[in-house]
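Shown next, in structure tokens, is the structure this report addresses.
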Amino acid sequence: MEAERLEQLRAQFSAEAAGIDSESAASALRDRWTGRKSGLLTAEMKTLGKLSPDVRREFGLQLNALKDEVDGRIAELLSGFGARREAEQLVRERIDVTLPGRRQSSGRLHPITLMRERIEEIFVSMGYTIEDGPEIETDFYNFDALNIPPSHPARSSQDTLYLENGLALRSQTSTVQIHAMQRRRPPLRVIAPGRVYRRDTPDATHNPMFFQVEGLLVDRRVTLGDLKGTLGEFVRRMFGPGTRTRFRPSYFPFTEPSAEVDYSCFKCGGAGCRICKGSGWIELGGSGLVHPNVLRAVAIDPEEFSGFAFGLGIDRMCGLMYDLDDIRLLYENDARFLEQFR
Ligand code: DAH
């Protein structure tokens, strides 16, 4: 009777083993047959104690032999599936060491950043420090402290971008002059590069956001000669040792006297070319001696101190130096354009 039972178990196992098609099914089969708690063969072993010694001996031996067969078959199944899994993984993760490498493209600095850094370098070497100020300003910093009268057109919402709460986006970096003089007392020399905003329709030469760099020097007995010497040195360092400057009388509320500054064309040296539109001169920016009212607004005594200031357009310099025919290229972030600069 025990012999029959053994044959039945053996047949059942080999039927089940034949249907195993995965590694997890093989381990389930192992648990079902030889699991320590409820394995079919384990249960069978536990019945041995109830048999008479003779039968127990014989049946025990045969049961052990069956257990060895079962263990062997399951080990075979498991290692077969394991080997297949490993082989598949090897294929999946195969590395072809003969493939050519992928070139990593490295980032570049934006042309405006490059230009700003060159400007900063020159002024820092002349003893200037770099100042920063907010891009959102009150009327005090935007206009009042800069001696811009309430009726001035720059204050109109046609030119200035106002926010809901009466604040405005600064339309010139001249605002940082005020912050700088509030933060530190003269003598001082600062430059302040940064973004400015104007209500402009974008075209080839305008963008509602652009970059300026402001300069301010306040000390005792500062004259127009100091301003001319400083900007003269700047253009020689920036555009070449032969570069000349030209000052044209102008008007700005925060300077008196005021001047527009031109420099001789870096391309043709002044003979006239496409870059300088035939005039031989290129506009650098506005400048002048700091208006006494501006000094008073930050409680500096204009009898004791005087200063000069200037404001230059970084984008315009970029446009000319890199010969761009549309300044909007600077703001479109087209990598094909940007990666040409270093
Ligand atoms: N803020 C002027 C502008 O945006 C430029 C300027 C002119 C700045 C004269 C100055 C200055 O500091 O003295 O057009």
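Lettering and numbering for the structure tokens are positional, with chains as A, B, ... in the shown order, residues counted from 1 in each chain, and ligands counted from 1 in the shown order.
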
Please tabulate, as JSON lines, the residues of chain A that come within 9 Å of ligand 1, each with its closest pair of atoms and the distance in Å to one decimal, counting only C-alpha atoms and all ligand atoms and ordering rows by chain, then residue number upward.
{"residue": "A:Ser171", "atom": "CA", "partner": "ligand 1", "partner_atom_place_in_ligand_line": "4 (O)", "distance": 6.9}
{"residue": "A:Gln172", "atom": "CA", "partner": "ligand 1", "partner_atom_place_in_ligand_line": "4 (O)", "distance": 4.6}
{"residue": "A:Thr173", "atom": "CA", "partner": "ligand 1", "partner_atom_place_in_ligand_line": "1 (N)", "distance": 6.3}
{"residue": "A:Ser174", "atom": "CA", "partner": "ligand 1", "partner_atom_place_in_ligand_line": "1 (N)", "distance": 5.2}
{"residue": "A:Thr175", "atom": "CA", "partner": "ligand 1", "partner_atom_place_in_ligand_line": "1 (N)", "distance": 8.4}
{"residue": "A:Gln177", "atom": "CA", "partner": "ligand 1", "partner_atom_place_in_ligand_line": "12 (O)", "distance": 7.9}
{"residue": "A:Val196", "atom": "CA", "partner": "ligand 1", "partner_atom_place_in_ligand_line": "4 (O)", "distance": 8.5}
{"residue": "A:Gln212", "atom": "CA", "partner": "ligand 1", "partner_atom_place_in_ligand_line": "4 (O)", "distance": 7.6}
{"residue": "A:Val213", "atom": "CA", "partner": "ligand 1", "partner_atom_place_in_ligand_line": "8 (C)", "distance": 8.5}
{"residue": "A:Glu214", "atom": "CA", "partner": "ligand 1", "partner_atom_place_in_ligand_line": "12 (O)", "distance": 5.7}
{"residue": "A:Gly215", "atom": "CA", "partner": "ligand 1", "partner_atom_place_in_ligand_line": "12 (O)", "distance": 6.2}
{"residue": "A:Leu216", "atom": "CA", "partner": "ligand 1", "partner_atom_place_in_ligand_line": "12 (O)", "distance": 6.9}
{"residue": "A:Ser250", "atom": "CA", "partner": "ligand 1", "partner_atom_place_in_ligand_line": "9 (C)", "distance": 9.0}
{"residue": "A:Tyr251", "atom": "CA", "partner": "ligand 1", "partner_atom_place_in_ligand_line": "9 (C)", "distance": 8.1}
{"residue": "A:Phe252", "atom": "CA", "partner": "ligand 1", "partner_atom_place_in_ligand_line": "9 (C)", "distance": 5.9}
{"residue": "A:Pro253", "atom": "CA", "partner": "ligand 1", "partner_atom_place_in_ligand_line": "9 (C)", "distance": 8.4}
{"residue": "A:Phe254", "atom": "CA", "partner": "ligand 1", "partner_atom_place_in_ligand_line": "13 (O)", "distance": 6.5}
{"residue": "A:Thr255", "atom": "CA", "partner": "ligand 1", "partner_atom_place_in_ligand_line": "13 (O)", "distance": 5.4}
{"residue": "A:Glu256", "atom": "CA", "partner": "ligand 1", "partner_atom_place_in_ligand_line": "13 (O)", "distance": 8.5}
{"residue": "A:Ser258", "atom": "CA", "partner": "ligand 1", "partner_atom_place_in_ligand_line": "9 (C)", "distance": 6.6}
{"residue": "A:Ala259", "atom": "CA", "partner": "ligand 1", "partner_atom_place_in_ligand_line": "9 (C)", "distance": 7.2}
{"residue": "A:Glu260", "atom": "CA", "partner": "ligand 1", "partner_atom_place_in_ligand_line": "7 (C)", "distance": 7.6}
{"residue": "A:Gly285", "atom": "CA", "partner": "ligand 1", "partner_atom_place_in_ligand_line": "5 (C)", "distance": 6.3}
{"residue": "A:Gly286", "atom": "CA", "partner": "ligand 1", "partner_atom_place_in_ligand_line": "7 (C)", "distance": 3.5}
{"residue": "A:Ser287", "atom": "CA", "partner": "ligand 1", "partner_atom_place_in_ligand_line": "13 (O)", "distance": 3.5}
{"residue": "A:Gly288", "atom": "CA", "partner": "ligand 1", "partner_atom_place_in_ligand_line": "13 (O)", "distance": 4.5}
{"residue": "A:Leu289", "atom": "CA", "partner": "ligand 1", "partner_atom_place_in_ligand_line": "13 (O)", "distance": 6.7}
{"residue": "A:Val290", "atom": "CA", "partner": "ligand 1", "partner_atom_place_in_ligand_line": "13 (O)", "distance": 6.7}
{"residue": "A:His291", "atom": "CA", "partner": "ligand 1", "partner_atom_place_in_ligand_line": "13 (O)", "distance": 8.9}
{"residue": "A:Phe308", "atom": "CA", "partner": "ligand 1", "partner_atom_place_in_ligand_line": "13 (O)", "distance": 6.8}
{"residue": "A:Ala309", "atom": "CA", "partner": "ligand 1", "partner_atom_place_in_ligand_line": "13 (O)", "distance": 4.1}
{"residue": "A:Phe310", "atom": "CA", "partner": "ligand 1", "partner_atom_place_in_ligand_line": "12 (O)", "distance": 3.5}
{"residue": "A:Gly311", "atom": "CA", "partner": "ligand 1", "partner_atom_place_in_ligand_line": "8 (C)", "distance": 3.5}
{"residue": "A:Leu312", "atom": "CA", "partner": "ligand 1", "partner_atom_place_in_ligand_line": "5 (C)", "distance": 6.6}
{"residue": "A:Gly313", "atom": "CA", "partner": "ligand 1", "partner_atom_place_in_ligand_line": "4 (O)", "distance": 8.1}

Per DSSP on the backbone, filter segment 125-311 of chain A down to the residues in strand (DSSP E) and report them as a ChimeraX atom specification.
/A:129-130,136-137,168-169,188-197,209-219,245-252,255-264,281-290,306-311

Print the selection's residues with C-alpha atoms to a file, as a PDB file, in the first residue's frame.
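Once written, part21.pdb looks like this:
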ATOM      1  CA  THR A 129      33.369  98.189  -6.374  1.00  0.00           C
ATOM      2  CA  ILE A 130      30.304  96.497  -7.780  1.00  0.00           C
ATOM      3  CA  ILE A 136      11.409  96.942  -8.275  1.00  0.00           C
ATOM      4  CA  GLU A 137      11.574 100.466  -6.978  1.00  0.00           C
ATOM      5  CA  ALA A 168       7.636 100.326 -10.700  1.00  0.00           C
ATOM      6  CA  LEU A 169      10.280  98.321 -12.506  1.00  0.00           C
ATOM      7  CA  LEU A 188      33.042 106.196  -3.104  1.00  0.00           C
ATOM      8  CA  ARG A 189      33.469 104.634  -6.522  1.00  0.00           C
ATOM      9  CA  VAL A 190      30.917 102.110  -7.661  1.00  0.00           C
ATOM     10  CA  ILE A 191      29.562 100.544 -10.784  1.00  0.00           C
ATOM     11  CA  ALA A 192      26.165  98.886 -10.890  1.00  0.00           C
ATOM     12  CA  PRO A 193      25.375  96.590 -13.802  1.00  0.00           C
ATOM     13  CA  GLY A 194      21.839  95.271 -14.076  1.00  0.00           C
ATOM     14  CA  ARG A 195      18.530  94.909 -15.840  1.00  0.00           C
ATOM     15  CA  VAL A 196      16.263  97.825 -16.600  1.00  0.00           C
ATOM     16  CA  TYR A 197      12.727  97.867 -17.990  1.00  0.00           C
ATOM     17  CA  MET A 209      14.182  94.658 -20.746  1.00  0.00           C
ATOM     18  CA  PHE A 210      17.837  95.387 -21.284  1.00  0.00           C
ATOM     19  CA  PHE A 211      21.091  95.899 -19.390  1.00  0.00           C
ATOM     20  CA  GLN A 212      22.873  99.017 -18.289  1.00  0.00           C
ATOM     21  CA  VAL A 213      25.902  99.677 -16.193  1.00  0.00           C
ATOM     22  CA  GLU A 214      25.863 102.691 -13.947  1.00  0.00           C
ATOM     23  CA  GLY A 215      28.998 104.395 -12.669  1.00  0.00           C
ATOM     24  CA  LEU A 216      29.263 106.782  -9.743  1.00  0.00           C
ATOM     25  CA  LEU A 217      32.216 108.480  -8.123  1.00  0.00           C
ATOM     26  CA  VAL A 218      31.811 110.907  -5.216  1.00  0.00           C
ATOM     27  CA  ASP A 219      34.711 112.636  -3.549  1.00  0.00           C
ATOM     28  CA  THR A 245      36.109 110.083 -26.860  1.00  0.00           C
ATOM     29  CA  ARG A 246      33.854 113.013 -27.636  1.00  0.00           C
ATOM     30  CA  PHE A 247      31.508 114.760 -25.181  1.00  0.00           C
ATOM     31  CA  ARG A 248      28.346 116.398 -26.459  1.00  0.00           C
ATOM     32  CA  PRO A 249      26.338 118.689 -24.176  1.00  0.00           C
ATOM     33  CA  SER A 250      23.074 117.088 -23.133  1.00  0.00           C
ATOM     34  CA  TYR A 251      20.479 117.104 -20.399  1.00  0.00           C
ATOM     35  CA  PHE A 252      19.707 114.646 -17.614  1.00  0.00           C
ATOM     36  CA  THR A 255      23.536 115.601 -13.622  1.00  0.00           C
ATOM     37  CA  GLU A 256      24.669 119.168 -14.188  1.00  0.00           C
ATOM     38  CA  PRO A 257      26.349 119.657 -16.552  1.00  0.00           C
ATOM     39  CA  SER A 258      25.346 116.603 -18.576  1.00  0.00           C
ATOM     40  CA  ALA A 259      26.963 115.071 -21.622  1.00  0.00           C
ATOM     41  CA  GLU A 260      26.459 112.297 -24.122  1.00  0.00           C
ATOM     42  CA  VAL A 261      29.673 110.420 -24.710  1.00  0.00           C
ATOM     43  CA  ASP A 262      30.797 108.980 -28.031  1.00  0.00           C
ATOM     44  CA  TYR A 263      33.909 106.945 -28.815  1.00  0.00           C
ATOM     45  CA  SER A 264      35.740 106.607 -32.109  1.00  0.00           C
ATOM     46  CA  TRP A 281      31.653 107.778 -33.813  1.00  0.00           C
ATOM     47  CA  ILE A 282      29.621 105.385 -31.672  1.00  0.00           C
ATOM     48  CA  GLU A 283      27.430 106.402 -28.763  1.00  0.00           C
ATOM     49  CA  LEU A 284      28.655 105.151 -25.402  1.00  0.00           C
ATOM     50  CA  GLY A 285      26.034 106.585 -23.023  1.00  0.00           C
ATOM     51  CA  GLY A 286      25.021 109.476 -20.794  1.00  0.00           C
ATOM     52  CA  SER A 287      27.103 111.141 -18.123  1.00  0.00           C
ATOM     53  CA  GLY A 288      27.665 114.258 -16.109  1.00  0.00           C
ATOM     54  CA  LEU A 289      28.502 115.754 -12.743  1.00  0.00           C
ATOM     55  CA  VAL A 290      26.117 114.616 -10.020  1.00  0.00           C
ATOM     56  CA  SER A 306      30.977 116.484  -5.772  1.00  0.00           C
ATOM     57  CA  GLY A 307      30.871 113.553  -8.136  1.00  0.00           C
ATOM     58  CA  PHE A 308      30.392 112.240 -11.619  1.00  0.00           C
ATOM     59  CA  ALA A 309      28.079 109.586 -12.934  1.00  0.00           C
ATOM     60  CA  PHE A 310      27.513 107.732 -16.167  1.00  0.00           C
ATOM     61  CA  GLY A 311      25.187 105.121 -17.592  1.00  0.00           C
TER      62      GLY A 311
END

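The closest residue to Gly19 of chain A, picked from A:Val235, A:Leu77, A:Arg296, A:Ile275 and counting only C-alpha atoms, is A:Leu77.
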
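If only C-alpha atoms are the atoms counted, then among A:Ala297, A:Gly270, A:Asn64, A:Thr205 the closest residue to Leu320 of chain A is A:Thr205.
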
Who sits within 10 Å of Trp33 of chain A, only C-alpha atoms, same chain under 6 positions skipped, as a VMD selection string:
chain A and resid 9 13 27 39 to 43 67 70 to 71 74

Could the residues in this selection be saved with N, CA, C and O atoms as a compact mmCIF listing (two decimals), in the first residue's frame?
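Wrote it out as result_12.txt, contents follow:
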# COMPACT_ATOMS: atom_id res chain seq x y z
N LEU A 9 2.63 9.68 -5.56
CA LEU A 9 3.30 10.96 -5.29
C LEU A 9 4.31 11.30 -6.38
O LEU A 9 4.39 12.43 -6.86
N PHE A 13 4.21 14.52 -8.74
CA PHE A 13 5.27 15.51 -8.78
C PHE A 13 5.78 15.72 -10.20
O PHE A 13 5.96 16.85 -10.65
N SER A 27 9.99 27.95 -7.44
CA SER A 27 10.15 28.04 -5.97
C SER A 27 8.82 27.75 -5.27
O SER A 27 8.83 27.21 -4.15
N GLY A 39 4.90 21.18 3.42
CA GLY A 39 5.28 20.46 2.21
C GLY A 39 4.64 19.07 2.19
O GLY A 39 4.48 18.43 3.23
N LEU A 40 4.24 18.65 0.99
CA LEU A 40 3.58 17.34 0.86
C LEU A 40 4.47 16.21 1.36
O LEU A 40 4.04 15.33 2.09
N LEU A 41 5.76 16.25 0.97
CA LEU A 41 6.67 15.20 1.41
C LEU A 41 6.97 15.32 2.90
O LEU A 41 7.08 14.32 3.60
N THR A 42 7.04 16.55 3.39
CA THR A 42 7.29 16.76 4.81
C THR A 42 6.18 16.10 5.63
O THR A 42 6.44 15.43 6.63
N ALA A 43 4.93 16.29 5.16
CA ALA A 43 3.78 15.71 5.85
C ALA A 43 3.87 14.19 5.83
O ALA A 43 3.60 13.51 6.83
N LYS A 67 12.38 12.06 -1.98
CA LYS A 67 12.71 13.43 -1.58
C LYS A 67 13.97 13.89 -2.33
O LYS A 67 14.03 15.02 -2.82
N VAL A 70 12.99 14.71 -5.84
CA VAL A 70 12.25 15.98 -5.89
C VAL A 70 13.22 17.16 -5.73
O VAL A 70 13.21 18.11 -6.53
N ASP A 71 14.09 17.10 -4.71
CA ASP A 71 15.07 18.17 -4.50
C ASP A 71 15.92 18.38 -5.75
O ASP A 71 16.17 19.52 -6.18
N ILE A 74 13.92 20.01 -8.58
CA ILE A 74 13.64 21.43 -8.31
C ILE A 74 14.92 22.26 -8.46
O ILE A 74 14.90 23.34 -9.07

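With only C-alpha atoms as the atoms that count, the minimum distance from Ala299 of chain A to the choices A:Arg183, A:Arg170, A:Lys46, A:Arg30 is reached by A:Arg183.
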
re atom CA of Pro202 of chain A and atom CA of Ser151 of chain A: distance 26.2 Å

Excluding same-chain residues fewer than 4 positions from Leu330 of chain A, what lies within 10 Å of it counting only C-alpha atoms, as a PyMOL selection string?
chain A and resi 110-112+207+210+315+318-319+324+326+334+337-338

Restricted to all heavy atoms, what would the selected residues look like written as a CSV table (one decimal), in the first residue's frame?
chain,number,residue,atom,x,y,z
A,110,HIS,N,26.7,83.8,-21.4
A,110,HIS,CA,25.9,84.6,-22.4
A,110,HIS,C,26.7,85.8,-22.8
A,110,HIS,O,27.5,86.3,-22.0
A,110,HIS,CB,24.6,85.0,-21.6
A,110,HIS,CG,23.5,85.6,-22.5
A,110,HIS,ND1,23.6,86.9,-22.9
A,110,HIS,CD2,22.4,85.1,-23.0
A,110,HIS,CE1,22.6,87.1,-23.7
A,110,HIS,NE2,21.8,86.0,-23.7
A,111,PRO,N,26.5,86.2,-24.1
A,111,PRO,CA,27.3,87.4,-24.5
A,111,PRO,C,27.1,88.6,-23.7
A,111,PRO,O,28.1,89.3,-23.5
A,111,PRO,CB,26.7,87.6,-25.9
A,111,PRO,CG,25.6,86.7,-26.2
A,111,PRO,CD,25.7,85.6,-25.2
A,112,ILE,N,26.0,88.8,-23.1
A,112,ILE,CA,25.8,89.9,-22.2
A,112,ILE,C,26.6,89.8,-20.9
A,112,ILE,O,27.2,90.7,-20.4
A,112,ILE,CB,24.3,90.2,-21.8
A,112,ILE,CG1,23.6,90.7,-23.1
A,112,ILE,CG2,24.1,91.1,-20.7
A,112,ILE,CD1,22.2,91.0,-22.9
A,207,ASN,N,14.3,96.4,-26.7
A,207,ASN,CA,13.7,95.3,-26.0
A,207,ASN,C,13.2,95.9,-24.7
A,207,ASN,O,13.9,96.8,-24.1
A,207,ASN,CB,14.7,94.2,-25.7
A,207,ASN,CG,14.1,92.9,-25.4
A,207,ASN,OD1,13.3,92.4,-26.2
A,207,ASN,ND2,14.3,92.4,-24.2
A,210,PHE,N,16.5,95.4,-20.8
A,210,PHE,CA,17.8,95.4,-21.3
A,210,PHE,C,18.8,95.7,-20.1
A,210,PHE,O,18.4,95.8,-19.0
A,210,PHE,CB,18.0,96.4,-22.5
A,210,PHE,CG,17.6,97.8,-22.2
A,210,PHE,CD1,18.6,98.7,-21.9
A,210,PHE,CD2,16.3,98.2,-22.2
A,210,PHE,CE1,18.3,100.1,-21.6
A,210,PHE,CE2,16.0,99.5,-21.9
A,210,PHE,CZ,17.0,100.5,-21.6
A,315,ASP,N,23.8,96.1,-23.8
A,315,ASP,CA,23.2,95.4,-25.0
A,315,ASP,C,23.7,96.1,-26.2
A,315,ASP,O,24.1,95.4,-27.2
A,315,ASP,CB,21.7,95.5,-25.0
A,315,ASP,CG,21.1,95.1,-23.7
A,315,ASP,OD1,21.5,95.7,-22.6
A,315,ASP,OD2,20.4,94.1,-23.6
A,318,CYS,N,27.1,95.1,-26.9
A,318,CYS,CA,27.1,93.7,-27.4
A,318,CYS,C,26.8,93.7,-28.9
A,318,CYS,O,27.4,93.0,-29.7
A,318,CYS,CB,26.1,92.9,-26.7
A,318,CYS,SG,26.7,91.8,-25.4
A,319,GLY,N,25.7,94.4,-29.2
A,319,GLY,CA,25.1,94.4,-30.6
A,319,GLY,C,26.2,94.8,-31.5
A,319,GLY,O,26.4,94.2,-32.6
A,324,LEU,N,25.6,92.2,-34.3
A,324,LEU,CA,24.3,91.5,-34.4
A,324,LEU,C,23.4,92.4,-35.2
A,324,LEU,O,23.4,93.6,-34.9
A,324,LEU,CB,23.7,91.3,-33.0
A,324,LEU,CG,24.6,90.7,-31.9
A,324,LEU,CD1,23.9,90.6,-30.6
A,324,LEU,CD2,25.0,89.3,-32.4
A,326,ASP,N,20.1,92.1,-35.0
A,326,ASP,CA,18.9,92.2,-34.2
A,326,ASP,C,19.2,91.9,-32.8
A,326,ASP,O,19.6,90.8,-32.4
A,326,ASP,CB,17.9,91.1,-34.8
A,326,ASP,CG,16.5,91.4,-34.3
A,326,ASP,OD1,16.3,91.9,-33.1
A,326,ASP,OD2,15.5,91.2,-35.0
A,334,ASP,N,18.3,81.0,-28.0
A,334,ASP,CA,18.6,80.0,-29.1
A,334,ASP,C,20.0,79.5,-28.9
A,334,ASP,O,20.9,80.2,-29.1
A,334,ASP,CB,18.3,80.6,-30.4
A,334,ASP,CG,18.4,79.6,-31.6
A,334,ASP,OD1,19.1,78.6,-31.4
A,334,ASP,OD2,17.9,79.8,-32.6
A,337,PHE,N,22.7,80.2,-31.5
A,337,PHE,CA,23.2,81.6,-31.4
A,337,PHE,C,24.2,81.7,-30.2
A,337,PHE,O,25.3,82.1,-30.4
A,337,PHE,CB,22.1,82.6,-31.2
A,337,PHE,CG,22.6,84.0,-30.9
A,337,PHE,CD1,23.2,84.8,-31.9
A,337,PHE,CD2,22.4,84.5,-29.6
A,337,PHE,CE1,23.6,86.1,-31.6
A,337,PHE,CE2,22.8,85.8,-29.3
A,337,PHE,CZ,23.4,86.6,-30.3
A,338,LEU,N,23.7,81.2,-29.0
A,338,LEU,CA,24.5,81.5,-27.8
A,338,LEU,C,25.8,80.7,-27.8
A,338,LEU,O,26.8,81.2,-27.2
A,338,LEU,CB,23.7,81.1,-26.6
A,338,LEU,CG,22.4,81.9,-26.4
A,338,LEU,CD1,21.6,81.4,-25.2
A,338,LEU,CD2,22.8,83.4,-26.1

Extract the full set of helix (DSSP H, G or I) residues from segment 139-291 of chain A according to DSSP on the backbone, and format it as a ChimeraX atom specification.
/A:139-142,144-146,153-155,175-183,224-239

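If only C-alpha atoms are the atoms counted, then among A:Arg118, A:Arg103, A:His179, A:Arg108 the closest residue to Thr138 of chain A is A:His179.
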
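Using only C-alpha atoms, the smallest distance between any of A:Leu61, A:Leu161, A:Val222, A:Leu29 and Pro302 of chain A comes from A:Val222.
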